[in-house]
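Trainee: Provided herewith: coords-v2.cif, mmCIF, C-alpha atoms.
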```
data_query
loop_
_atom_site.label_atom_id
_atom_site.label_comp_id
_atom_site.auth_asym_id
_atom_site.auth_seq_id
_atom_site.Cartn_x
_atom_site.Cartn_y
_atom_site.Cartn_z
CA MET A 61 94.08 42.75 129.63
CA THR A 62 91.07 45.03 129.13
CA ASP A 63 88.70 45.92 132.00
CA ALA A 64 85.91 44.39 129.87
CA VAL A 65 87.24 40.97 130.89
CA LEU A 66 88.65 40.03 134.28
CA THR A 67 90.83 37.02 135.02
CA GLU A 68 91.63 35.37 138.32
CA ARG A 69 93.65 32.27 139.09
CA HIS A 70 92.23 29.70 141.49
CA ASP A 71 95.24 27.41 141.89
CA ASP A 72 95.45 25.70 138.48
CA VAL A 73 92.08 27.01 137.21
CA LEU A 74 91.68 30.33 135.38
CA VAL A 75 88.38 32.16 135.87
CA VAL A 76 87.54 34.45 132.95
CA THR A 77 84.72 36.92 133.63
CA ILE A 78 83.07 39.07 130.96
CA ASN A 79 82.76 42.35 132.85
CA ARG A 80 80.21 44.54 131.08
CA PRO A 81 77.21 44.03 133.39
CA LEU A 82 75.48 47.28 132.39
CA ALA A 83 75.44 45.97 128.81
CA LYS A 84 74.41 42.45 129.92
CA ASN A 85 77.97 41.44 129.03
CA ALA A 86 77.35 42.00 125.32
CA LEU A 87 80.51 41.49 123.31
CA ASN A 88 82.33 44.46 121.88
CA LEU A 89 85.85 44.30 120.49
CA ASP A 90 87.47 44.97 123.88
CA ALA A 91 85.62 42.07 125.48
CA ALA A 92 86.42 39.81 122.54
CA ARG A 93 90.12 40.61 122.77
CA GLY A 94 90.02 40.07 126.52
CA ILE A 95 88.59 36.57 126.15
CA ALA A 96 91.09 35.73 123.41
CA ASP A 97 93.98 36.93 125.57
CA ALA A 98 92.69 34.89 128.50
CA VAL A 99 92.55 31.60 126.57
CA ASP A 100 96.01 32.34 125.20
CA GLU A 101 97.19 32.67 128.80
CA LEU A 102 95.50 29.37 129.63
CA ASP A 103 97.19 27.43 126.83
CA ALA A 104 100.60 29.07 127.32
CA SER A 105 100.80 28.43 131.06
CA ASP A 106 102.45 25.35 132.56
CA GLU A 107 100.51 25.92 135.79
CA LEU A 108 96.97 26.38 134.44
CA ARG A 109 94.94 23.27 133.58
CA VAL A 110 91.34 24.42 133.00
CA ALA A 111 89.44 27.70 132.49
CA VAL A 112 85.94 28.73 133.53
CA LEU A 113 84.16 31.37 131.44
CA THR A 114 81.40 33.35 133.15
CA GLY A 115 79.74 36.77 133.19
CA ALA A 116 79.46 39.50 135.81
CA GLY A 117 76.21 40.80 137.27
CA GLY A 118 74.01 37.74 136.91
CA THR A 119 74.16 37.41 133.11
CA PHE A 120 76.44 35.15 131.11
CA CYS A 121 76.39 37.08 127.82
CA ALA A 122 73.63 38.70 125.79
CA GLY A 123 75.52 38.28 122.52
CA MET A 124 77.15 40.75 120.20
CA ASP A 125 76.96 44.41 121.21
CA LEU A 126 74.57 45.66 118.51
CA LYS A 127 75.38 49.31 119.24
CA ALA A 128 79.02 48.58 118.51
CA PHE A 129 77.99 46.54 115.46
CA LEU A 130 76.14 49.56 114.02
CA THR A 131 79.36 51.59 114.24
CA GLY A 132 81.21 48.93 112.25
CA GLU A 133 82.86 47.20 115.19
CA SER A 134 83.06 43.39 115.23
CA PRO A 135 83.89 41.08 118.16
CA ASP A 136 85.46 38.56 115.78
CA ILE A 137 89.18 37.91 116.05
CA GLU A 138 90.65 37.32 112.60
CA GLY A 139 91.16 33.62 111.94
CA ARG A 140 89.83 32.67 115.38
CA GLY A 141 86.13 33.51 115.32
CA LEU A 142 83.97 35.21 117.94
CA ALA A 143 86.09 36.31 120.92
CA GLY A 144 88.90 34.15 119.58
CA ILE A 145 87.33 30.84 120.66
CA THR A 146 84.50 29.79 118.33
CA VAL A 147 86.73 28.76 115.42
CA THR A 148 89.86 27.98 117.47
CA PRO A 149 88.85 26.94 121.00
CA PRO A 150 91.65 26.51 123.54
CA ARG A 151 93.65 23.30 123.70
CA LYS A 152 92.81 22.91 127.39
CA PRO A 153 89.28 22.38 128.77
CA LEU A 154 86.92 25.35 129.00
CA ILE A 155 83.81 25.32 131.20
CA ALA A 156 80.91 27.78 130.92
CA ALA A 157 79.34 28.91 134.21
CA VAL A 158 75.99 30.40 133.21
CA GLU A 159 73.75 32.67 135.24
CA GLY A 160 70.89 34.48 133.53
CA TRP A 161 70.87 34.74 129.76
CA ALA A 162 73.20 33.11 127.25
CA LEU A 163 71.90 34.55 124.00
CA ALA A 164 73.02 34.76 120.38
CA GLY A 165 76.79 35.27 120.39
CA GLY A 166 76.78 34.52 124.11
CA PHE A 167 75.19 31.17 123.36
CA GLU A 168 77.82 30.58 120.70
CA LEU A 169 80.55 31.24 123.27
CA LEU A 170 78.93 28.49 125.31
CA LEU A 171 79.13 26.13 122.32
CA ALA A 172 82.88 26.77 122.19
CA CYS A 173 83.10 25.47 125.76
CA ASP A 174 83.50 21.79 126.57
CA LEU A 175 81.18 21.63 129.56
CA VAL A 176 78.35 23.82 130.86
CA VAL A 177 77.18 24.46 134.41
CA ALA A 178 74.02 26.55 134.68
CA SER A 179 71.84 28.01 137.39
CA ASP A 180 68.25 26.84 137.39
CA THR A 181 67.15 30.33 136.29
CA ALA A 182 69.47 30.46 133.26
CA LYS A 183 68.04 30.66 129.75
CA PHE A 184 69.59 29.84 126.40
CA GLY A 185 68.72 31.02 122.91
CA VAL A 186 69.77 31.82 119.36
CA PRO A 187 67.37 34.61 118.29
CA GLU A 188 69.39 35.82 115.29
CA VAL A 189 66.67 35.07 112.74
CA SER A 190 64.33 37.50 114.52
CA ARG A 191 66.82 40.27 113.64
CA SER A 192 67.35 38.97 110.08
CA LEU A 193 70.76 37.67 111.07
CA VAL A 194 72.27 34.18 111.06
CA ALA A 195 73.88 32.42 114.03
CA ALA A 196 77.16 32.40 112.13
CA ALA A 197 79.61 32.15 115.05
CA GLY A 198 78.91 28.46 115.47
CA GLY A 199 75.22 28.34 116.36
CA ALA A 200 73.91 27.00 113.07
CA LEU A 201 76.96 24.79 112.51
CA LEU A 202 77.59 23.35 115.96
CA LEU A 203 74.27 23.23 117.80
CA PRO A 204 73.00 20.29 115.69
CA ARG A 205 76.16 18.42 116.71
CA ARG A 206 75.60 19.06 120.41
CA ILE A 207 71.90 18.24 120.74
CA PRO A 208 69.33 16.29 118.65
CA TYR A 209 68.88 17.80 115.20
CA ALA A 210 65.14 18.49 115.47
CA ILE A 211 65.54 20.38 118.75
CA ALA A 212 68.51 22.34 117.43
CA VAL A 213 66.68 23.39 114.28
CA GLU A 214 63.60 24.42 116.26
CA MET A 215 65.77 26.70 118.41
CA LEU A 216 67.57 28.12 115.37
CA LEU A 217 64.49 28.73 113.20
CA THR A 218 62.09 30.03 115.86
CA GLY A 219 64.62 31.94 117.93
CA ASP A 220 62.73 30.81 121.04
CA PRO A 221 64.84 30.32 124.20
CA ILE A 222 64.95 27.23 126.40
CA THR A 223 65.33 26.88 130.16
CA ALA A 224 68.27 25.36 132.00
CA ALA A 225 66.18 22.31 132.82
CA ARG A 226 65.35 21.77 129.15
CA ALA A 227 68.98 22.39 128.17
CA ALA A 228 70.07 19.69 130.59
CA GLU A 229 67.35 17.34 129.35
CA VAL A 230 68.62 17.56 125.75
CA GLY A 231 72.27 17.22 126.75
CA LEU A 232 73.50 20.79 126.39
CA VAL A 233 74.12 21.39 130.10
CA ASN A 234 76.12 19.12 132.40
CA ARG A 235 74.91 20.40 135.77
CA VAL A 236 72.00 22.56 136.92
CA VAL A 237 72.46 24.25 140.29
CA GLY A 238 70.72 26.89 142.36
CA GLU A 239 70.73 30.54 141.33
CA GLY A 240 74.08 32.16 142.06
CA GLN A 241 75.90 28.83 142.38
CA ALA A 242 77.01 28.23 138.79
CA LEU A 243 80.57 29.51 139.23
CA GLU A 244 81.13 27.58 142.45
CA SER A 245 79.91 24.36 140.86
CA ALA A 246 81.96 24.98 137.72
CA LEU A 247 85.07 25.45 139.86
CA GLU A 248 84.41 22.12 141.56
CA LEU A 249 84.13 20.45 138.15
CA ALA A 250 87.27 22.24 136.95
CA ALA A 251 89.23 21.06 139.99
CA ARG A 252 88.18 17.48 139.29
CA ILE A 253 89.48 17.77 135.70
CA ALA A 254 92.65 19.61 136.75
CA ALA A 255 93.57 16.75 139.09
CA ASN A 256 94.13 14.49 136.07
CA GLY A 257 97.17 14.27 133.81
CA PRO A 258 97.27 17.46 131.72
CA LEU A 259 98.73 15.82 128.62
CA ALA A 260 96.06 13.12 128.71
CA VAL A 261 93.29 15.68 129.27
CA ALA A 262 94.40 17.83 126.33
CA ALA A 263 94.76 14.80 124.03
CA THR A 264 91.37 13.45 125.06
CA LYS A 265 89.70 16.80 124.36
CA ARG A 266 91.38 16.95 120.96
CA LEU A 267 90.15 13.47 120.07
CA ALA A 268 86.61 14.08 121.29
CA ARG A 269 86.28 17.28 119.26
CA ALA A 270 87.93 16.02 116.08
CA ALA A 271 86.73 12.43 115.76
CA ALA A 272 83.31 13.33 114.33
CA ASP A 273 85.03 14.68 111.22
CA TRP A 274 87.09 11.54 110.60
CA THR A 275 86.16 8.31 108.85
CA LEU A 276 86.33 5.15 110.92
CA GLY A 277 89.50 4.20 109.10
CA GLU A 278 91.11 7.54 109.88
CA CYS A 279 90.09 7.46 113.53
CA TRP A 280 92.52 4.77 114.66
CA GLU A 281 95.49 6.17 112.75
CA ARG A 282 94.92 9.74 113.92
CA GLN A 283 94.24 8.65 117.47
CA GLY A 284 97.56 6.83 117.47
CA GLU A 285 99.40 9.96 116.36
CA ILE A 286 97.80 12.03 119.14
CA ILE A 287 98.13 9.59 122.02
CA ALA A 288 101.63 8.24 121.31
CA PRO A 289 103.43 11.18 123.01
CA VAL A 290 101.10 10.85 126.02
CA PHE A 291 101.89 7.17 126.59
CA THR A 292 105.65 7.80 126.42
CA SER A 293 105.57 10.91 128.64
CA ASP A 294 107.04 11.43 132.09
CA ASP A 295 103.50 12.01 133.34
CA ALA A 296 102.38 8.55 132.16
CA ARG A 297 105.20 6.98 134.15
CA GLU A 298 104.32 9.18 137.12
CA GLY A 299 100.69 8.11 136.93
CA ALA A 300 101.63 4.45 137.04
CA ALA A 301 104.14 5.00 139.84
CA ALA A 302 101.67 7.00 141.93
CA PHE A 303 99.07 4.25 141.55
CA ALA A 304 101.54 1.56 142.59
CA GLU A 305 102.75 3.63 145.55
CA LYS A 306 99.20 4.61 146.58
CA ARG A 307 99.87 8.35 146.48
CA ARG A 308 98.63 11.36 144.54
CA PRO A 309 100.49 11.94 141.29
CA VAL A 310 102.58 15.05 140.74
CA TRP A 311 102.12 16.12 137.12
CA THR A 312 104.70 18.13 135.21
CA GLY A 313 102.99 18.30 131.81
CA HIS A 314 105.94 16.53 130.22
#
```
Take the structure I supplied and represent it as structure tokens, if you would.
Mentor:
Amino acid sequence: MTDAVLTERHDDVLVVTINRPLAKNALNLDAARGIADAVDELDASDELRVAVLTGAGGTFCAGMDLKAFLTGESPDIEGRGLAGITVTPPRKPLIAAVEGWALAGGFELLLACDLVVASDTAKFGVPEVSRSLVAAAGGALLLPRRIPYAIAVEMLLTGDPITAARAAEVGLVNRVVGEGQALESALELAARIAANGPLAVAATKRLARAAADWTLGECWERQGEIIAPVFTSDDAREGAAAFAEKRRPVWTGH
């Protein structure tokens, strides 16, 4: 793991911190590889259930490192997109904990996350057009799926940022908390998710992300294929037994 990204386990939650505060956590290749390695660790582990992505030094991520870009360096991971998560996000839930700016590529990292917790001083933007670039790591494609089309297109075509309050108002942010409290609140949310059956959580995330691309006729058939192994799993039986016995379930992921 590179020093540009730090990881720390909080029980069954993995905290992934972009650690380039002097560069406002702008993404160079080292940081991109670090994030990709971290989500690989998340999905490969039987102990980890959820990850939280955040940034050091009071900034989430200012986007692609343009100095590195001018030298020919790219933070894309082949076949996986920006930092290895925009094209192929992890199978398990990923929560963004945002302090300060989430801009350009940093904003697109956020779009690869399933939930967003932000401080009330956070700001969000896709200013690529002001640099004669395109938000090609998911901004132009995914933002109109996450928030109302007119608002998404205004952000994309003007490059103007929005506040955390506005982001919550349009449905981009789940929780707005006081400055400096985003990570703590994200960990609370992660713990709530991690308490649930891991097979069911992963299958539910898969369905929620994929269903928009399916016809109504396909939805039921594909859902059946995804959920069948969950309903016949040891964890499903454990969930029912724990409910009947009025105790907390002990999940195995099998």
Trainee: Run the PyMOL selection byres ((chain A and resi 170-186) around 6) on the file and write out the hits as a ChimeraX atom specification.
Mentor: /A:146,154-164,167-169,187-188,216,219,221-224,233-239,242,246
Trainee: Using the chain letters and residue numbers of this document, give as a PDB file with C-alpha atoms, keeping the file's coordinate frame the residues selected by the PyMOL selection byres ((chain A and resi 63) around 9).
Mentor:
```
ATOM      1  CA  MET A  61      94.080  42.750 129.630  1.00  0.00           C
ATOM      2  CA  THR A  62      91.070  45.030 129.130  1.00  0.00           C
ATOM      3  CA  ALA A  64      85.910  44.390 129.870  1.00  0.00           C
ATOM      4  CA  VAL A  65      87.240  40.970 130.890  1.00  0.00           C
ATOM      5  CA  LEU A  66      88.650  40.030 134.280  1.00  0.00           C
ATOM      6  CA  ILE A  78      83.070  39.070 130.960  1.00  0.00           C
ATOM      7  CA  ASN A  79      82.760  42.350 132.850  1.00  0.00           C
ATOM      8  CA  ARG A  80      80.210  44.540 131.080  1.00  0.00           C
ATOM      9  CA  ASP A  90      87.470  44.970 123.880  1.00  0.00           C
ATOM     10  CA  ALA A  91      85.620  42.070 125.480  1.00  0.00           C
ATOM     11  CA  GLY A  94      90.020  40.070 126.520  1.00  0.00           C
TER      12      GLY A  94
END
```
Trainee: Nearest to A:Ala255 among A:Gly240, A:Gly198, A:Pro309, A:Pro208, with distances taken over only C-alpha atoms: which residue is it?
Mentor: A:Pro309
Trainee: Report as a compact mmCIF listing (two decimals) with C-alpha atoms, keeping the file's coordinate frame the full result of the PyMOL selection byres ((chain A and resi 67) around 8) when it is applied to this structure.
Mentor:
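Below you can see expr.txt, which holds the result:
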```txt
# COMPACT_ATOMS: atom_id res chain seq x y z
CA VAL A 65 87.24 40.97 130.89
CA LEU A 66 88.65 40.03 134.28
CA GLU A 68 91.63 35.37 138.32
CA ARG A 69 93.65 32.27 139.09
CA LEU A 74 91.68 30.33 135.38
CA VAL A 75 88.38 32.16 135.87
CA VAL A 76 87.54 34.45 132.95
CA THR A 77 84.72 36.92 133.63
CA ALA A 98 92.69 34.89 128.50
```
Trainee: Of the candidates A:Ala86, A:Ala225, A:Leu247, A:Leu102, which shows the shortest atom-to-atom distance to A:Ala128, using only C-alpha atoms?
Mentor: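 Checking each of A:Ala86, A:Ala225, A:Leu247, A:Leu102 against A:Ala128, counting only C-alpha atoms, the winner is A:Ala86.
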Trainee: Give me the residues within 12 Å of A:Leu217 as a list in words, counting only C-alpha atoms and dropping any in the same chain fewer than 4 places off.
Mentor: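 Selected residues are Gly185, Val186, Pro187, Glu188, Val189, Ser190, Arg191, Ser192, Leu193, Val194, Ala195, Gly199, Ala200, Tyr209, Ala210, Ile211, Ala212, Val213 and Pro221 of chain A.
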Trainee: What's around A:Ile145 at 8 Å? Count only C-alpha atoms, leave out sequence neighbours fewer than 2 positions away in its own chain, and write the answer as a VMD selection string.
Mentor: chain A and resid 96 99 140 to 143 147 to 150 169 172
Trainee: Please indicate the distance in Å from atom CA of A:Ile253 to atom CA of A:Ala111, rounded to one decimal place.
Mentor: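 Going from atom CA of A:Ile253 over to atom CA of A:Ala111, I get 10.4 Å.
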Trainee: Rounded to one decimal, what separation in Å do you get between atom CA of A:Gly299 and atom CA of A:Glu281?
Mentor: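 If I compute the distance from atom CA of A:Gly299 to atom CA of A:Glu281, I get 24.8 Å.
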Trainee: Calculate how many Å separate atom CA of A:Ala300 from atom CA of A:Leu259, rounding to one decimal.
Mentor: 14.4 Å
Trainee: Nearest to A:Ala104: which of A:Arg151, A:Gly277, A:Ala288, A:Ala301 is it, counting all atoms listed in the file?
Mentor: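 Among the listed residues, the smallest separation from A:Ala104 belongs to A:Arg151.
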Trainee: A:Ala92, A:Glu229, A:Gly313, A:Leu243: which is nearest A:Leu108, counting all atoms listed in the file?
Mentor: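 The shortest atom-to-atom distance to A:Leu108 comes from A:Gly313.
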Trainee: Kindly indicate which residue among A:Cys121, A:Val310, A:Val110, A:Ala250 lies nearest to A:Ala262, using only C-alpha atoms for the distances.
Mentor: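 Of the candidates, the smallest distance to A:Ala262 is held by A:Val110.
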Trainee: Can you work out which one of A:Leu82, A:Val261, A:Leu87, A:Leu126 has the shortest atom-to-atom distance to A:Arg109, counting all atoms listed in the file?
Mentor: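 Result for the nearest residue to A:Arg109: A:Val261.
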Trainee: I want to know what sits within 12 Å of A:Ala268, based on all atoms listed in the file, with residues of the same chain fewer than 3 positions away left out; could you give that as a list in words?
Mentor: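 In the requested format, the answer is Arg151, Pro153, Asp174, Val261, Ala262, Ala263, Thr264, Lys265, Ala271, Ala272, Asp273, Trp274, Cys279, Arg282, Gln283 and Ile286 of chain A.
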